[in-house]
file model.txt (compact mmCIF, C-alpha atoms and all ligand atoms)
# COMPACT_ATOMS: atom_id res chain seq x y z
CA MET A 1187 0.00 0.00 0.00
CA SER A 1188 1.33 3.40 -0.90
CA GLU A 1189 1.71 6.15 1.67
CA ALA A 1190 -0.62 9.11 1.97
CA HIS A 1191 -0.07 11.78 -0.67
CA TYR A 1192 -0.58 15.50 -0.07
CA PRO A 1193 -1.62 18.12 -2.59
CA LEU A 1194 1.34 20.06 -3.99
CA ASN A 1195 0.44 23.35 -2.39
CA ASP A 1196 3.77 25.17 -2.44
CA PHE A 1197 4.29 25.25 -6.23
CA VAL A 1198 4.34 28.82 -7.50
CA GLU A 1199 3.28 29.49 -11.08
CA TYR A 1200 4.46 32.70 -12.80
CA PRO A 1201 3.24 34.34 -15.97
CA GLU A 1202 5.49 33.42 -18.95
CA SER A 1203 7.13 36.83 -19.20
CA GLU A 1204 8.01 36.73 -15.53
CA MET A 1205 9.36 33.20 -15.93
CA LEU A 1206 11.67 34.34 -18.71
CA GLN A 1207 12.88 37.23 -16.55
CA ARG A 1208 13.45 34.86 -13.62
CA ALA A 1209 15.38 32.43 -15.83
CA GLU A 1210 17.51 35.34 -17.09
CA ASP A 1211 18.08 36.68 -13.55
CA ASN A 1212 19.13 33.23 -12.35
CA TYR A 1213 21.53 32.84 -15.29
CA GLN A 1214 23.11 36.23 -14.55
CA GLN A 1215 23.44 35.22 -10.90
CA VAL A 1216 24.98 31.76 -11.40
CA LYS A 1217 27.31 32.97 -14.10
CA ARG A 1218 29.02 35.10 -11.45
CA ARG A 1219 30.04 31.96 -9.55
CA HIS A 1220 33.70 31.18 -10.09
CA SER A 1221 35.98 28.77 -8.32
CA ILE A 1222 38.45 30.79 -6.29
CA ARG A 1223 41.70 29.70 -4.71
CA LYS A 1224 42.44 32.63 -2.43
CA PHE A 1225 40.17 32.98 0.56
CA SER A 1226 40.00 35.61 3.28
CA ASN A 1227 40.07 34.27 6.83
CA LYS A 1228 37.06 36.43 7.72
CA ALA A 1229 34.63 34.37 9.81
CA VAL A 1230 31.33 33.15 8.38
CA PRO A 1231 28.57 32.36 10.91
CA GLN A 1232 27.81 28.66 11.34
CA GLU A 1233 24.10 29.36 10.85
CA ILE A 1234 24.70 30.39 7.23
CA ILE A 1235 26.59 27.18 6.47
CA GLU A 1236 23.89 25.10 8.18
CA LYS A 1237 21.16 26.79 6.12
CA CYS A 1238 23.09 26.02 2.90
CA ILE A 1239 23.44 22.37 3.98
CA LEU A 1240 19.68 22.25 4.62
CA ALA A 1241 19.22 23.47 1.03
CA ALA A 1242 21.58 20.73 -0.22
CA GLY A 1243 19.50 18.19 1.69
CA THR A 1244 16.44 19.03 -0.42
CA ALA A 1245 18.09 17.65 -3.58
CA PRO A 1246 16.21 15.01 -5.57
CA ASN A 1247 17.62 11.58 -4.72
CA GLY A 1248 17.00 7.86 -4.91
CA ALA A 1249 13.86 6.75 -3.03
CA ASN A 1250 14.24 9.77 -0.72
CA HIS A 1251 16.87 7.87 1.26
CA GLN A 1252 19.02 11.06 1.22
CA PRO A 1253 22.31 9.17 0.90
CA TRP A 1254 24.59 11.95 2.13
CA HIS A 1255 26.30 13.41 5.14
CA PHE A 1256 28.01 16.79 5.40
CA VAL A 1257 30.84 17.46 7.82
CA ALA A 1258 31.30 21.23 8.20
CA ILE A 1259 34.75 21.96 9.53
CA GLN A 1260 35.87 25.21 11.16
CA ASP A 1261 38.31 23.81 13.76
CA PRO A 1262 41.77 25.15 12.78
CA LYS A 1263 43.44 21.92 13.96
CA VAL A 1264 41.25 19.78 11.70
CA LYS A 1265 41.74 22.19 8.79
CA SER A 1266 45.51 22.05 9.15
CA GLN A 1267 45.43 18.24 9.21
CA ILE A 1268 43.41 18.32 6.00
CA ARG A 1269 45.82 20.78 4.40
CA GLU A 1270 48.83 18.70 5.37
CA GLN A 1271 47.44 15.44 4.02
CA ALA A 1272 45.91 16.97 0.90
CA GLU A 1273 49.21 18.69 0.03
CA GLU A 1274 51.10 15.44 0.42
CA LEU A 1275 48.80 13.82 -2.14
CA GLU A 1276 48.93 16.84 -4.42
CA ARG A 1277 52.73 16.81 -4.38
CA ALA A 1278 52.67 13.27 -5.77
CA PHE A 1279 50.00 14.31 -8.27
CA TYR A 1280 51.97 17.29 -9.61
CA ALA A 1281 55.24 15.35 -9.52
CA GLY A 1282 53.95 12.92 -12.12
CA ARG A 1283 50.98 10.87 -10.96
CA ALA A 1284 48.68 13.14 -12.98
CA GLY A 1285 50.46 12.39 -16.28
CA GLU A 1286 51.52 14.94 -18.88
CA GLU A 1287 48.18 15.50 -20.55
CA TRP A 1288 46.39 16.27 -17.29
CA LEU A 1289 49.14 18.63 -16.12
CA GLU A 1290 48.96 20.40 -19.48
CA ALA A 1291 45.18 20.82 -19.05
CA LEU A 1292 45.73 22.39 -15.63
CA LYS A 1293 48.26 24.99 -16.85
CA PRO A 1294 45.68 27.77 -17.47
CA LEU A 1295 44.53 27.41 -13.85
CA GLY A 1296 48.03 27.93 -12.48
CA THR A 1297 47.41 25.43 -9.68
CA ASN A 1298 50.12 23.60 -7.75
CA ALA A 1299 50.45 21.38 -4.68
CA GLU A 1300 50.23 24.31 -2.26
CA LYS A 1301 46.76 24.56 -0.72
CA PRO A 1302 46.91 27.37 1.86
CA TYR A 1303 43.18 28.02 1.41
CA LEU A 1304 42.49 24.74 3.23
CA GLU A 1305 43.59 26.62 6.36
CA HIS A 1306 42.63 30.18 5.47
CA ALA A 1307 39.01 29.59 4.49
CA PRO A 1308 36.61 29.68 7.44
CA TRP A 1309 34.76 26.52 6.38
CA LEU A 1310 35.60 23.23 4.69
CA ILE A 1311 32.58 21.06 4.01
CA ALA A 1312 33.37 17.38 3.47
CA VAL A 1313 30.57 15.66 1.57
CA PHE A 1314 30.12 11.95 2.21
CA SER A 1315 27.96 9.48 0.30
CA LYS A 1316 26.27 6.59 2.03
CA LYS A 1317 25.82 3.12 0.57
CA ARG A 1318 23.04 2.23 2.96
CA THR A 1319 20.57 4.16 5.06
CA ASP A 1320 21.21 4.49 8.75
CA ASN A 1321 18.95 7.37 9.55
CA HIS A 1322 15.42 8.24 10.54
CA VAL A 1323 14.07 7.69 7.01
CA THR A 1324 13.79 3.96 7.51
CA GLY A 1325 13.37 3.94 11.25
CA GLY A 1326 17.00 3.03 11.88
CA GLU A 1327 16.81 -0.14 9.80
CA GLN A 1328 19.64 -0.44 7.25
CA LYS A 1329 18.43 -0.46 3.66
CA SER A 1330 20.20 -0.12 0.35
CA ASN A 1331 20.53 3.35 -1.13
CA TYR A 1332 19.94 3.96 -4.84
CA TYR A 1333 21.56 6.28 -7.38
CA VAL A 1334 23.99 7.31 -4.68
CA HIS A 1335 26.52 9.03 -6.93
CA GLU A 1336 23.87 10.90 -8.88
CA SER A 1337 22.03 11.95 -5.71
CA VAL A 1338 25.13 13.18 -3.91
CA GLY A 1339 26.31 14.97 -7.06
CA ILE A 1340 23.03 16.88 -7.27
CA ALA A 1341 23.09 17.68 -3.54
CA THR A 1342 26.64 18.98 -3.86
CA GLY A 1343 25.50 21.17 -6.76
CA PHE A 1344 22.68 22.51 -4.61
CA LEU A 1345 25.19 23.19 -1.83
CA ILE A 1346 27.54 25.14 -4.10
CA GLN A 1347 24.62 27.10 -5.50
CA ALA A 1348 23.30 27.86 -1.98
CA LEU A 1349 26.71 29.06 -0.80
CA HIS A 1350 27.07 31.28 -3.87
CA HIS A 1351 23.54 32.61 -3.46
CA ALA A 1352 24.27 33.42 0.18
CA GLY A 1353 27.24 35.49 -0.97
CA LEU A 1354 30.18 33.18 -0.40
CA GLY A 1355 33.05 32.10 -2.62
CA THR A 1356 33.54 28.37 -3.15
CA LEU A 1357 35.99 25.83 -4.48
CA THR A 1358 35.53 22.10 -5.07
CA HIS A 1359 38.45 19.89 -4.11
CA THR A 1360 38.83 16.18 -4.73
CA PRO A 1361 42.22 15.02 -3.49
CA LYS A 1362 42.91 11.44 -4.61
CA PRO A 1363 42.61 9.15 -2.74
CA MET A 1364 40.23 10.92 -0.39
CA SER A 1365 40.24 8.22 2.28
CA PHE A 1366 42.17 10.47 4.70
CA LEU A 1367 39.02 12.61 4.93
CA SER A 1368 37.12 9.70 6.47
CA LYS A 1369 39.67 9.48 9.23
CA VAL A 1370 39.99 13.21 9.84
CA CYS A 1371 36.19 13.57 9.92
CA GLY A 1372 35.67 10.56 12.20
CA ARG A 1373 33.64 8.69 9.59
CA GLU A 1374 35.78 5.61 9.07
CA ASN A 1375 33.16 2.94 8.50
CA ASP A 1376 32.10 0.79 5.58
CA ASN A 1377 29.05 2.91 4.84
CA ASP A 1378 30.39 6.45 4.39
CA ARG A 1379 32.56 7.39 1.42
CA PRO A 1380 34.18 10.79 0.97
CA TYR A 1381 32.72 12.39 -2.16
CA MET A 1382 34.08 15.92 -2.34
CA LEU A 1383 35.46 18.74 -0.25
CA ILE A 1384 33.88 22.18 -0.65
CA ILE A 1385 35.85 25.18 0.51
CA ALA A 1386 33.67 28.16 1.46
CA GLY A 1387 34.33 31.70 2.61
CA TYR A 1388 34.87 35.24 1.39
CA PRO A 1389 37.26 35.61 -1.52
CA ALA A 1390 40.55 37.28 -0.53
CA THR A 1391 40.84 40.84 -1.84
CA ASP A 1392 43.49 39.63 -4.30
CA ALA A 1393 41.54 36.54 -5.47
CA THR A 1394 41.70 36.03 -9.24
CA ILE A 1395 40.07 33.80 -11.82
CA PRO A 1396 41.88 32.46 -14.88
CA GLU A 1397 40.98 34.10 -18.19
CA HIS A 1398 39.52 30.87 -19.54
CA ALA A 1399 37.04 30.64 -16.67
CA LEU A 1400 34.89 33.15 -18.52
CA GLU A 1401 34.86 31.15 -21.76
CA LYS A 1402 31.67 29.17 -21.48
CA LYS A 1403 30.42 27.11 -24.43
CA PRO A 1404 27.58 28.75 -26.38
CA LEU A 1405 24.09 27.28 -26.26
CA SER A 1406 24.48 25.92 -29.80
CA GLU A 1407 27.31 23.72 -28.56
CA ILE A 1408 25.80 22.46 -25.33
CA CYS A 1409 22.17 22.12 -26.38
CA THR A 1410 20.20 20.35 -29.10
CA ILE A 1411 16.49 20.90 -29.49
CA LEU A 1412 14.58 18.03 -31.09
N1 LIG A 1501 43.40 18.26 -7.40
C1 LIG A 1501 44.45 19.09 -7.97
C2 LIG A 1501 44.41 19.18 -9.45
C3 LIG A 1501 43.21 19.75 -10.11
C4 LIG A 1501 42.51 18.96 -10.99
C5 LIG A 1501 41.48 19.47 -11.70
I1 LIG A 1501 40.55 18.31 -13.09
C6 LIG A 1501 41.08 20.80 -11.53
O1 LIG A 1501 40.00 21.31 -12.25
C7 LIG A 1501 41.78 21.59 -10.66
C8 LIG A 1501 42.84 21.07 -9.93
C9 LIG A 1501 44.47 20.47 -7.30
O2 LIG A 1501 43.57 20.80 -6.53
O3 LIG A 1501 45.42 21.21 -7.51
call {"tool": "encode", "arguments": {"input": "model.txt", "output": "structure tokens"}}
result
Amino acid sequence: MSEAHYPLNDFVEYPESEMLQRAEDNYQQVKRRHSIRKFSNKAVPQEIIEKCILAAGTAPNGANHQPWHFVAIQDPKVKSQIREQAEELERAFYAGRAGEEWLEALKPLGTNAEKPYLEHAPWLIAVFSKKRTDNHVTGGEQKSNYYVHESVGIATGFLIQALHHAGLGTLTHTPKPMSFLSKVCGRENDNDRPYMLIIAGYPATDATIPEHALEKKPLSEICTIL
């Protein structure tokens, strides 16, 4: 037997012209989001980060099992552990593990193994995916999760969008392997898997973006109408 269904009473319908304006406004807003690699150490209230994580938690996902967990880190000791271990992995990456083609692709970004922003930024948010449920959704009983990667990817997108919308700069970071994050975040178990690290805070006054960051593909290249 299926559960009770409720009428969809919070959907808001706009006149077409207003919809077009809203779509345009949103495009102008999201197009100002750029990954930044220089963060100010100016504090950001925890409440803002929590609200953005709540927004991430509304993402569409498999069977509403919500297969994610977010660890929001502000503790300087934890941040410096993350920086230390991430830099060790990045040194190996830039020293050759990446391979020539990948390093060539990264040249326009001007990145290297130094990751001071992992300590400077007020917040690091480690996103974990969960293979099985272990939360209130199924009354504590462990059940399989579905479309985990897709679900957590969408939630992470929502999180980045929420942080940007709130007025914060962001950067995605995926050190490989990411297993050290499980340990640092106290989530070493066979259910949680580190998915991505999101750095959030105010951009430093001398933050820059590479020239090519503004070169987005035109609609004709990314869209086909049938
Ligand atoms: N993780 C490395 C390298 C890196 C890889 C890609 I693909 C990027 O878009 C950016 C960086 C680093 O953080 O330097």
call {"tool": "residues_near_ligand", "arguments": {"input": "model.txt", "ligand": "ligand LIG 1501 (chain A)", "cutoff": "7 Å", "atoms": "all atoms listed in the file", "output": "VMD selection string"}}
result
chain A and resid 1276 1292 1297 to 1299 1359 to 1361
call {"tool": "atom_distance", "arguments": {"input": "model.txt", "atom1": "CA of Glu1210 (chain A)", "atom2": "CA of His1398 (chain A)"}}
result
22.6 Å
call {"tool": "residues_around", "arguments": {"input": "model.txt", "residues": "Ile1239 (chain A)", "least_positions_apart": "3", "cutoff": "12 Å", "atoms": "only C-alpha atoms", "output": "count of residues only"}}
result
28
call {"tool": "residues_around", "arguments": {"input": "model.txt", "residues": "Glu1305 (chain A)", "least_positions_apart": "6", "cutoff": "10 Å", "atoms": "all atoms listed in the file", "output": "VMD selection string"}}
result
chain A and resid 1225 1227 1260 to 1270 1385
call {"tool": "residues_around", "arguments": {"input": "model.txt", "residues": "Leu1354 (chain A)", "least_positions_apart": "2", "cutoff": "8 Å", "atoms": "all atoms listed in the file", "output": "compact mmCIF listing (two decimals) with C-alpha atoms, in the frame of the given file"}}
result
# COMPACT_ATOMS: atom_id res chain seq x y z
CA LEU A 1349 26.71 29.06 -0.80
CA HIS A 1350 27.07 31.28 -3.87
CA HIS A 1351 23.54 32.61 -3.46
CA ALA A 1352 24.27 33.42 0.18
CA THR A 1356 33.54 28.37 -3.15
CA ALA A 1386 33.67 28.16 1.46
CA GLY A 1387 34.33 31.70 2.61
CA TYR A 1388 34.87 35.24 1.39
CA PRO A 1389 37.26 35.61 -1.52
call {"tool": "atom_distance", "arguments": {"input": "model.txt", "atom1": "CA of Tyr1280 (chain A)", "atom2": "CA of Pro1302 (chain A)"}}
result
16.1 Å
call {"tool": "closest_residue", "arguments": {"input": "model.txt", "among": "A:Val1370, A:Leu1194, A:Ala1249, A:Cys1238", "to": "Val1334 (chain A)", "atoms": "all atoms listed in the file"}}
result
A:Ala1249
